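Trainee: Below is one structure. I have some questions about it.
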Amino acid sequence: MRKLIRLFPVTALLGPRQCGKTTLAHQLEAGSYFDMENPRDWARMENPQGALEGLKGLVVIDEIQRKPELFPLLRFIVDDDPGVRFLILGSASLRLVKESSESLAGRIGYYHLGGFRLSDVGRKSMRKLWLRGGLPDSYTARSDGDSGLWRENFVAGFLERDIPQLGISIPARSLRRFWIMLSHYHGQIVNYSEIGRSLGVSDSTVRRYIDILEGTFMVRTVLPWYANVGKRLVKRPKLYIRDSGIFHSLQSVGTMDDLLSHNKLGASWEGFAFESVAGSIGKRSEDLFFWSTHSGAELDLFWREHGKNWGVEFKYLDAPVMTKSMSISIKDLGLEKLWVIYPGDRSYLLGKKAADVPLKEIPV
């Protein structure tokens with residue numbers, strides 16, 4: 001992130017509530033700090049030009065999505081004073097990126113923070129991170145029970161406080177029920193009509209609710225890759241609850257024993273491993289895809305880099321083997337390499353272009 005601050009006059013630090021954005025910002029020793037949830041700072045921003053003009057060094061504005069009218073002013077200030085740098089923090093990405101990209105085009109860089117990763121907690125703590133998720137207060141709780149209680153309150157606060165603050169007037173009970181319904185589609189192709197019928201709402205309402213949860217970093221949708229290989233391809237997105245701990249709360253999973261006996265064990269592993277690998281790749285969400293044909297061949301993660309095609313499968317197995325679906329993916333997509341990410345302890349080849357790799361060995 002320090003590199004982005006050097007390169008751009010404005011840097012946006014984006015991520016879900018309680019993921020550590022504020023803690024990270026305080027480590028940068030900013031010259032000025034404004035928190036839009038602090039009544040005193042809010043009052044200072046009644047005259048934002050007077051409050052911000054003339055400041056030097058790094059200026060941090062936390063929860064800036066509550067003051068979207070600041071974006072045009074930031075453009076004026078950084079154009080007038082090339083020496084000042086702004087770090088803006090937000091937990092509503094779609095709205096924040098839209099506002100900032102329109103007002104600060106060419107002047108802003110984006111850094112995404114998603115809570116603890118394996119590199120933060122150590123390989124030996126992988127199962128704990130998987131169960132509790134990466135939100136710091138959930139992970140560091142004294143017990144699994146305390147972690148689960150924290151997450152329950154996090155979900156309640158998100159629905160009852162954060163969503164209304166974004167100007168979204170949806171009853172918390174309705175959105176919670178919808179979120180729980182989505183957790184049953186974790187790691188699956190989204191069926192908008194089926195969800196809509198279950199909840200008694202339209203397809204467009206389902207899409208709007210998903211956009212809300214995705215825009216606040218709670219949900220990830222992955223688009224299918226439309227390579228023309230002469231086959232009927234699945235064209236609806238795949239969905240994940242981004243934080244594994246939140247997913248487990250929505251599925252009433254409280255302990256590792258609960259998880260290991262749960263019918264969503266494989267899907268849970270896929271989502272947890274997907275987020276880890278996505279962080280390692282360092283690609284934007286819109287550059288990550290999955291691939292699936294109506295005949296059954298599929299690939300969990302696909303991306304392109306350096307003119308080559310790459311793929312990943314996620315398997316909760318002791319020793320994954322080469323499958324027909326993997327062979328088809330390698331051939332039809334022209335993969336340079338296919339990695340199978342599993343919870344084991346050693347890497348080994350499955351073929352010329354495929355290998356099993358433990359998640360613990362992924363550099364994140």
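All residue names refer to the structure tokens as shown: chains lettered A, B, ... in order, residues numbered from 1 in each chain, ligands numbered from 1 in order.
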If we count only C-alpha atoms, what is near Leu13 of chain A at a cut-off of 6 Å, once residues fewer than 6 positions away on the same chain are taken out, given as number ranges by chain?
Mentor: A: 89, 111-112
Trainee: Using only C-alpha atoms, which protein or nucleic acid residues come within 7 Å of segment 240-256 of chain A? Drop anything in the same chain fewer than 4 positions from it, and give the result as a PDB file with C-alpha atoms, in the first residue's frame.
Mentor:
ATOM      1  CA  TRP A 130     -10.771 -21.629   8.183  1.00  0.00           C
ATOM      2  CA  LEU A 131     -13.304 -22.125  10.978  1.00  0.00           C
ATOM      3  CA  ARG A 132     -13.346 -18.605  12.414  1.00  0.00           C
ATOM      4  CA  GLY A 133     -12.616 -16.577   9.286  1.00  0.00           C
ATOM      5  CA  GLY A 134     -10.206 -13.698   8.829  1.00  0.00           C
ATOM      6  CA  ASP A 144     -14.731 -20.944  19.302  1.00  0.00           C
ATOM      7  CA  GLY A 145     -17.882 -20.055  21.230  1.00  0.00           C
ATOM      8  CA  GLY A 148     -19.211 -17.467  17.016  1.00  0.00           C
ATOM      9  CA  ARG A 151     -19.763 -13.092  14.393  1.00  0.00           C
ATOM     10  CA  GLU A 152     -23.462 -13.299  15.244  1.00  0.00           C
ATOM     11  CA  ILE A 180     -28.800 -17.372   4.851  1.00  0.00           C
ATOM     12  CA  SER A 183     -25.108 -19.457   2.037  1.00  0.00           C
ATOM     13  CA  HIS A 186     -21.934 -21.138  -1.499  1.00  0.00           C
ATOM     14  CA  GLY A 187     -19.611 -22.532  -4.180  1.00  0.00           C
ATOM     15  CA  MET A 218     -19.746  -9.940   2.160  1.00  0.00           C
ATOM     16  CA  VAL A 219     -20.284 -11.929  -1.048  1.00  0.00           C
ATOM     17  CA  ARG A 220     -18.157 -12.668  -4.104  1.00  0.00           C
ATOM     18  CA  THR A 221     -19.637 -13.531  -7.481  1.00  0.00           C
ATOM     19  CA  LEU A 260     -16.048 -31.881   9.426  1.00  0.00           C
ATOM     20  CA  SER A 268     -16.612 -24.468   2.724  1.00  0.00           C
ATOM     21  CA  GLY A 271     -14.590 -20.887  -0.621  1.00  0.00           C
ATOM     22  CA  PHE A 272     -11.821 -20.610   1.977  1.00  0.00           C
ATOM     23  CA  GLU A 275     -10.106 -16.474  -1.209  1.00  0.00           C
TER      24      GLU A 275
END
Trainee: When you look at Pro224 of chain A with a cut-off of 8 Å (counting only C-alpha atoms), what residues show up, excluding the ones that are within fewer than 2 positions of it in the same chain? I need them as a list in words.
Mentor: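 So, after excluding close chain neighbours, the residues are Val222, Tyr226, Val234, Lys235, Arg236, Pro237, Lys238, Phe289, Phe290, Trp291 and Ser292 of chain A.
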